[in-house]
Amino acid sequence: MLKITNLNVYYGGIHALTDVNIEVNEGEIVTLIGANGAGKTSTLRAISGLVPIAGGTIEFEGKELNKVPAHKIPYLGISHVPEGRRIFANMSVAENLQLGAYCRKDKSNFEQDYNQVFEKFPRLKERMRQRAGTLSGGEQQMLAMGRALMARPKILLMDEPSMGLAPIIVEEIFSIIQDINKSGTTILLVEQNANMALSIANRAYVIETGRITLEGKASDLLKDESVKKAYLGG
Amino acid sequence: MSLVEFLQQLINGLSLGSVYALIALGYTMVYGIIGLINFAHCDVYMVGAYIGYFVATDLHLPFVPTLLVAMLGTAIAGVLIERIAYKPLRRSTNISLLITAIGVSLLLENGFNWLFGGNPRTYPHDILQQSNVELGPVHSDTLHLIILGTSLLLMILLQVVIYRTKIGKAMRATSTDKDAAELMGINVDTTISATFAIGSALAGAAGVLVAILYSSIDPYMGIQPGIKAFTAAVFGGIGLIPGAFVGGIILGVIETFVTAWYSQLSGAIGFIVLIIILIIKPSGLLGKKVSEKV
Ligand SMILES: Nc1ncnc2c1ncn2[C@@H]1O[C@H](COP(=O)(O)OP(=O)(O)OP(=O)(O)O)[C@@H](O)[C@H]1O
Ligand SMILES: [Mg+2]
């Protein structure tokens with residue numbers, strides 16, 4: 001479904017990604033794990049067209065994305081829940097969700113989509129009219145996810161959904177990610193919380209200073225000695 | 001000052017203030033969306049007055065079509081200025097953008113001076129029938145009331161656009177977070193152009209209204225009201241749409257009353273008020289830490 005081949009990204013003189021190869025098949029949860037500054041966010045931003053691609057290709061359903069401008073990407077069925085949530089803090093929860101559906105041509109089953117989001121995130125429903133900036137961190141993450149789901153994506157890119165959240169909320173969010181996947185959405189999940197990510201993913205990639213150093217079944221990586229040492233706390 | 005005099009001055013003040021507000025909205029919207037103090041904005045106002053002048057004198061169109069043509073013309077001018085001068089600098093430092101804006105401003109002023117001459121031109125006074133209006137014991141005139149009414153109508157329209165339409169939502173999202181807006185599928189370039197178009201159209205309308213009021217235009221006519229409208233925008237809280245509205249109205253009213261009392265002060269009073277407000281509340285009258293920007 002999504003195929004990244006020899007991707008290279010530079011920020012000025014900094015070579016952030018070197019020959020990255022990642023493939024995500026339809027229906028999978030694939031996770032990309034790595035330490036701070038390894039290049040996880042850069043990978044997702046390259047897919048979404050937010051950073052220029054210096055080399056290699058990104059294909060989605062056979063279509064090359066390299067030259068597609070960022071604002072056209074969501075129309076193809078790719079939704080991105082960015083690092084740090086990036087919700088529209090000045091706007092209400094309802095308006096954030098409406099903006100999530102900005103790229104949708106058929107607004108007819110809007111109500112249905114709202115309800116689906118509220119089913120997954122009941123807490124958002126009570127806070128419809130509230131300014132998004134006043135939500136708690138966990139609620140903001142839920143809003144960012146709900147906003148992305150309003151676009152009815154085929155694939156959901158998620159950048160560190162566990163960042164800064166209490167373990168119990170992380171559990172909740174990860175079980176919702178599994179739900180979303182079960183209802184047919186493919187997921188590419190970027191995480192530093194390798195334990196959680198590997199426990200829900202089908203396959204995984206490990207990235208270190210801009211290069212993929214390991215890939216395989218998530219369950220295998222969970223048992224891998226080098227992964228245990230580097231990312232699972234022993 | 002008697003109550004009747006007070007009410008008369010109040011109407012004059014509100015109508016002057018509503019014009020400041022119209023111009024201030026453009027400063028504040030552009031600041032909200034690209035963080036630029038658009039020095040050329042006051043010259044767009046002047047361009048609007050000139051377009052109105054040519055439409056009214058050469059085509060003999062009445063007030064409303066003249067206003068609409070001037071708004072359309074300035075909307076196009078605003079978009080062109082953004083595309084040609086500012087967009088290439090979107091990723092560079094704020095200071096180069098600011099200097100470019102000053103350059104565009106000088107270009108427009110001196111360009112118009114070269115094209116149409118520096119002598120003031122008399123605005124066609126038959127564009128709006130001026131007559132006295134009596135509201136009980138209070139005397140006013142159609143001109144002030146039409147200016148006030150037109151400005152208020154345009155500002156209500158702006159609210160509708162910003163809060164009820166798709167492009168308005170896109171503008172608010174873009175002013176908060178450009179990357180996140182792109183992720184929603186919003187074309188940020190188009191949205192910025194739309195912001196310039198709307199802000200410039202409001203300034204163009206203000207240009208025509210003031211030109212009719214003072215019945216005279218020249219290439220440098222934008223500088224004074226531009227500075228005052230900018231003051232109003234900062235005074236209300238730069239980047240905040242309601243701030244531009246409130247700031248403009250208050251400045252206009254204060255200026256009118258102070259001028260009636262001591263006319264020598266009229267130019268300076270705006271700045272005195274601004275300085276006082278900024279000492280007490282540096283983010284402006286309506287400014288908060290996190291607030292609605294466009
Ligand atoms: N806008 C930028 N300008 C310059 N360098 C950047 C920029 N964004 C990222 N980098 C650099 O690129 C490298 C990869 O950064 P990236 O944000 O992709 O890492 P990450 O894996 O997401 O890290 P984290 O877990 O901390 O979010 C880092 O060395 C970073 O300093
Ligand atoms: Mg990151």
# chains A, B, ... in the order shown; residues from 1 in each chain; ligands from 1
call {"tool": "residues_near_ligand", "arguments": {"ligand": "ligand 2", "cutoff": "10 Å", "atoms": "only C-alpha atoms and all ligand atoms", "output": "MDAnalysis selection string"}}
result
chainID A and resid 34:45 82:84 159:160 163 190:192
call {"tool": "residues_around", "arguments": {"residues": "Lys63 in chain A", "least_positions_apart": "3", "cutoff": "12 Å", "atoms": "only C-alpha atoms", "output": "list in words"}}
result
Met1, Leu2, Lys3, Ile4, Thr57, Ile58, Glu59, Phe60, Asn66, Lys67, Val68, Ile73 and Leu76 of chain A
call {"tool": "select_by_dssp", "arguments": {"residues": "range 114-216 of chain B", "states": "helix (DSSP H, G or I)", "output": "number ranges by chain"}}
result
B: 114-116, 125-127, 142-164, 166-176, 178-183, 188-214
call {"tool": "interface_residues", "arguments": {"of": "chain B", "to": "chain A", "cutoff": "9 Å", "atoms": "only C-alpha atoms", "output": "list in words"}}
result
Lys166, Lys169, Ala170, Arg172, Ala173, Thr176, Asp177, Asp179, Ala180, Ala181, Glu182, Leu183, Met184, Gly185, Ile186, Asn187, Val188, Val290, Ser291, Glu292 and Lys293 of chain B
call {"tool": "write_last_selection", "arguments": {"atoms": "N, CA, C and O atoms", "output": "compact mmCIF listing (two decimals), in the first residue's frame"}}
result
# COMPACT_ATOMS: atom_id res chain seq x y z
N LYS B 166 -16.10 27.94 4.51
CA LYS B 166 -14.97 27.03 4.44
C LYS B 166 -13.65 27.81 4.36
O LYS B 166 -12.69 27.49 5.04
N LYS B 169 -12.78 29.18 7.78
CA LYS B 169 -12.19 28.16 8.66
C LYS B 169 -10.74 27.90 8.25
O LYS B 169 -9.87 27.75 9.10
N ALA B 170 -10.51 27.85 6.93
CA ALA B 170 -9.15 27.62 6.45
C ALA B 170 -8.23 28.76 6.90
O ALA B 170 -7.08 28.53 7.29
N ARG B 172 -8.57 30.67 9.57
CA ARG B 172 -8.28 30.59 11.01
C ARG B 172 -7.31 29.45 11.29
O ARG B 172 -6.40 29.59 12.11
N ALA B 173 -7.50 28.32 10.61
CA ALA B 173 -6.59 27.19 10.84
C ALA B 173 -5.17 27.56 10.39
O ALA B 173 -4.20 27.30 11.10
N THR B 176 -3.29 29.67 12.77
CA THR B 176 -2.84 29.00 13.99
C THR B 176 -1.63 28.10 13.72
O THR B 176 -0.68 28.10 14.50
N ASP B 177 -1.68 27.33 12.64
CA ASP B 177 -0.63 26.34 12.43
C ASP B 177 -0.63 25.94 10.95
O ASP B 177 -1.49 25.18 10.51
N ASP B 179 1.46 24.07 9.09
CA ASP B 179 1.69 22.65 8.77
C ASP B 179 0.44 21.83 9.06
O ASP B 179 0.02 21.00 8.25
N ALA B 180 -0.15 22.06 10.23
CA ALA B 180 -1.35 21.30 10.59
C ALA B 180 -2.47 21.59 9.59
O ALA B 180 -3.22 20.70 9.20
N ALA B 181 -2.55 22.84 9.13
CA ALA B 181 -3.57 23.19 8.13
C ALA B 181 -3.36 22.39 6.84
O ALA B 181 -4.29 21.84 6.27
N GLU B 182 -2.09 22.29 6.41
CA GLU B 182 -1.80 21.51 5.20
C GLU B 182 -2.22 20.06 5.39
O GLU B 182 -2.73 19.42 4.47
N LEU B 183 -2.00 19.54 6.60
CA LEU B 183 -2.36 18.14 6.87
C LEU B 183 -3.87 17.92 6.78
O LEU B 183 -4.32 16.80 6.61
N MET B 184 -4.64 18.99 6.94
CA MET B 184 -6.10 18.88 6.79
C MET B 184 -6.52 18.95 5.33
O MET B 184 -7.68 18.81 5.00
N GLY B 185 -5.55 19.29 4.45
CA GLY B 185 -5.88 19.44 3.04
C GLY B 185 -6.14 20.89 2.66
O GLY B 185 -6.67 21.16 1.58
N ILE B 186 -5.76 21.81 3.54
CA ILE B 186 -5.96 23.22 3.24
C ILE B 186 -4.79 23.73 2.40
O ILE B 186 -3.62 23.50 2.76
N ASN B 187 -5.09 24.38 1.29
CA ASN B 187 -4.04 24.97 0.47
C ASN B 187 -3.63 26.30 1.10
O ASN B 187 -4.33 27.31 1.00
N VAL B 188 -2.48 26.28 1.77
CA VAL B 188 -2.07 27.44 2.56
C VAL B 188 -1.80 28.66 1.67
O VAL B 188 -2.16 29.79 2.02
N VAL B 290 -3.13 33.08 24.60
CA VAL B 290 -3.58 32.30 23.45
C VAL B 290 -4.87 32.94 22.99
O VAL B 290 -5.83 33.00 23.74
N SER B 291 -4.88 33.45 21.77
CA SER B 291 -6.12 34.08 21.36
C SER B 291 -6.36 33.85 19.88
O SER B 291 -5.48 33.41 19.15
N GLU B 292 -7.55 34.15 19.47
CA GLU B 292 -7.94 33.92 18.08
C GLU B 292 -7.19 34.86 17.17
O GLU B 292 -7.22 36.07 17.32
N LYS B 293 -6.49 34.24 16.21
CA LYS B 293 -5.80 35.08 15.23
C LYS B 293 -6.32 34.75 13.84
O LYS B 293 -6.73 33.64 13.59
call {"tool": "residues_around", "arguments": {"residues": "Tyr50 in chain B", "least_positions_apart": "5", "cutoff": "10 Å", "atoms": "only C-alpha atoms", "output": "ChimeraX atom specification"}}
result
/B:44-45,55-56,70,112,116,121,123,204,207-208,211,217-219
call {"tool": "write_last_selection", "arguments": {"atoms": "C-alpha atoms", "output": "short mmCIF file (atom, residue, chain, number, x, y, z; two decimals), in the first residue's frame"}}
result
data_model
loop_
_atom_site.label_atom_id
_atom_site.label_comp_id
_atom_site.auth_asym_id
_atom_site.auth_seq_id
_atom_site.Cartn_x
_atom_site.Cartn_y
_atom_site.Cartn_z
CA VAL B 44 -3.76 49.78 -1.02
CA TYR B 45 -6.29 52.08 0.64
CA VAL B 55 -14.75 54.73 -11.99
CA ALA B 56 -16.90 57.58 -10.73
CA ALA B 70 -12.76 49.62 -6.01
CA PHE B 112 1.06 56.81 -8.39
CA PHE B 116 -1.16 60.65 -11.90
CA ARG B 121 -7.64 65.57 -7.24
CA TYR B 123 -13.48 63.68 -5.79
CA GLY B 204 -10.22 49.80 -0.78
CA GLY B 207 -10.36 54.57 0.64
CA VAL B 208 -13.49 55.36 -1.36
CA ALA B 211 -12.23 60.17 -0.32
CA ILE B 217 -7.23 62.31 -3.01
CA ASP B 218 -3.49 62.24 -3.53
CA PRO B 219 -0.83 59.51 -3.73
#
call {"tool": "select_by_dssp", "arguments": {"residues": "range 57-273 of chain B", "states": "strand (DSSP E)", "output": "PyMOL selection string"}}
result
chain B and resi 121-122+132-135+138-141+216-217
call {"tool": "closest_residue", "arguments": {"among": "B:Arg91, B:Thr165, B:Ala21, B:Leu14", "to": "ligand 1", "atoms": "only C-alpha atoms and all ligand atoms"}}
result
B:Arg91
call {"tool": "atom_distance", "arguments": {"atom1": "CA of Leu149 in chain A", "atom2": "CA of Ile22 in chain A"}}
result
23.1 Å
call {"tool": "atom_distance", "arguments": {"atom1": "CA of Leu97 in chain A", "atom2": "CA of Gln130 in chain A"}}
result
12.3 Å
call {"tool": "residues_around", "arguments": {"residues": "range 13-19 of chain A", "least_positions_apart": "4", "cutoff": "6 Å", "atoms": "only C-alpha atoms", "output": "PyMOL selection string"}}
result
chain A and resi 6-9+210-211
call {"tool": "write_last_selection", "arguments": {"atoms": "N, CA, C and O atoms", "output": "PDB file, in the first residue's frame"}}
result
ATOM      1  N   ASN A   6      14.547   3.899  -0.707  1.00  0.00           N
ATOM      2  CA  ASN A   6      15.788   4.700  -0.669  1.00  0.00           C
ATOM      3  C   ASN A   6      15.547   6.181  -0.403  1.00  0.00           C
ATOM      4  O   ASN A   6      16.132   7.048  -1.057  1.00  0.00           O
ATOM      5  N   LEU A   7      14.723   6.455   0.582  1.00  0.00           N
ATOM      6  CA  LEU A   7      14.369   7.847   0.888  1.00  0.00           C
ATOM      7  C   LEU A   7      15.543   8.586   1.531  1.00  0.00           C
ATOM      8  O   LEU A   7      16.145   8.100   2.491  1.00  0.00           O
ATOM      9  N   ASN A   8      15.843   9.765   1.002  1.00  0.00           N
ATOM     10  CA  ASN A   8      16.856  10.645   1.591  1.00  0.00           C
ATOM     11  C   ASN A   8      16.258  12.010   1.857  1.00  0.00           C
ATOM     12  O   ASN A   8      15.567  12.563   1.002  1.00  0.00           O
ATOM     13  N   VAL A   9      16.521  12.531   3.061  1.00  0.00           N
ATOM     14  CA  VAL A   9      16.035  13.857   3.420  1.00  0.00           C
ATOM     15  C   VAL A   9      17.175  14.646   4.057  1.00  0.00           C
ATOM     16  O   VAL A   9      17.938  14.116   4.862  1.00  0.00           O
ATOM     17  N   GLY A 210      19.021   8.082  11.179  1.00  0.00           N
ATOM     18  CA  GLY A 210      18.599   8.233   9.792  1.00  0.00           C
ATOM     19  C   GLY A 210      18.685   6.988   8.940  1.00  0.00           C
ATOM     20  O   GLY A 210      18.432   7.045   7.735  1.00  0.00           O
ATOM     21  N   ARG A 211      19.060   5.849   9.519  1.00  0.00           N
ATOM     22  CA  ARG A 211      19.121   4.604   8.746  1.00  0.00           C
ATOM     23  C   ARG A 211      18.294   3.526   9.423  1.00  0.00           C
ATOM     24  O   ARG A 211      18.277   3.426  10.640  1.00  0.00           O
TER      25      ARG A 211
END
call {"tool": "residues_around", "arguments": {"residues": "Lys281 in chain B", "least_positions_apart": "5", "cutoff": "12 Å", "atoms": "only C-alpha atoms", "output": "PyMOL selection string"}}
result
chain B and resi 234-237+273-276+286-289
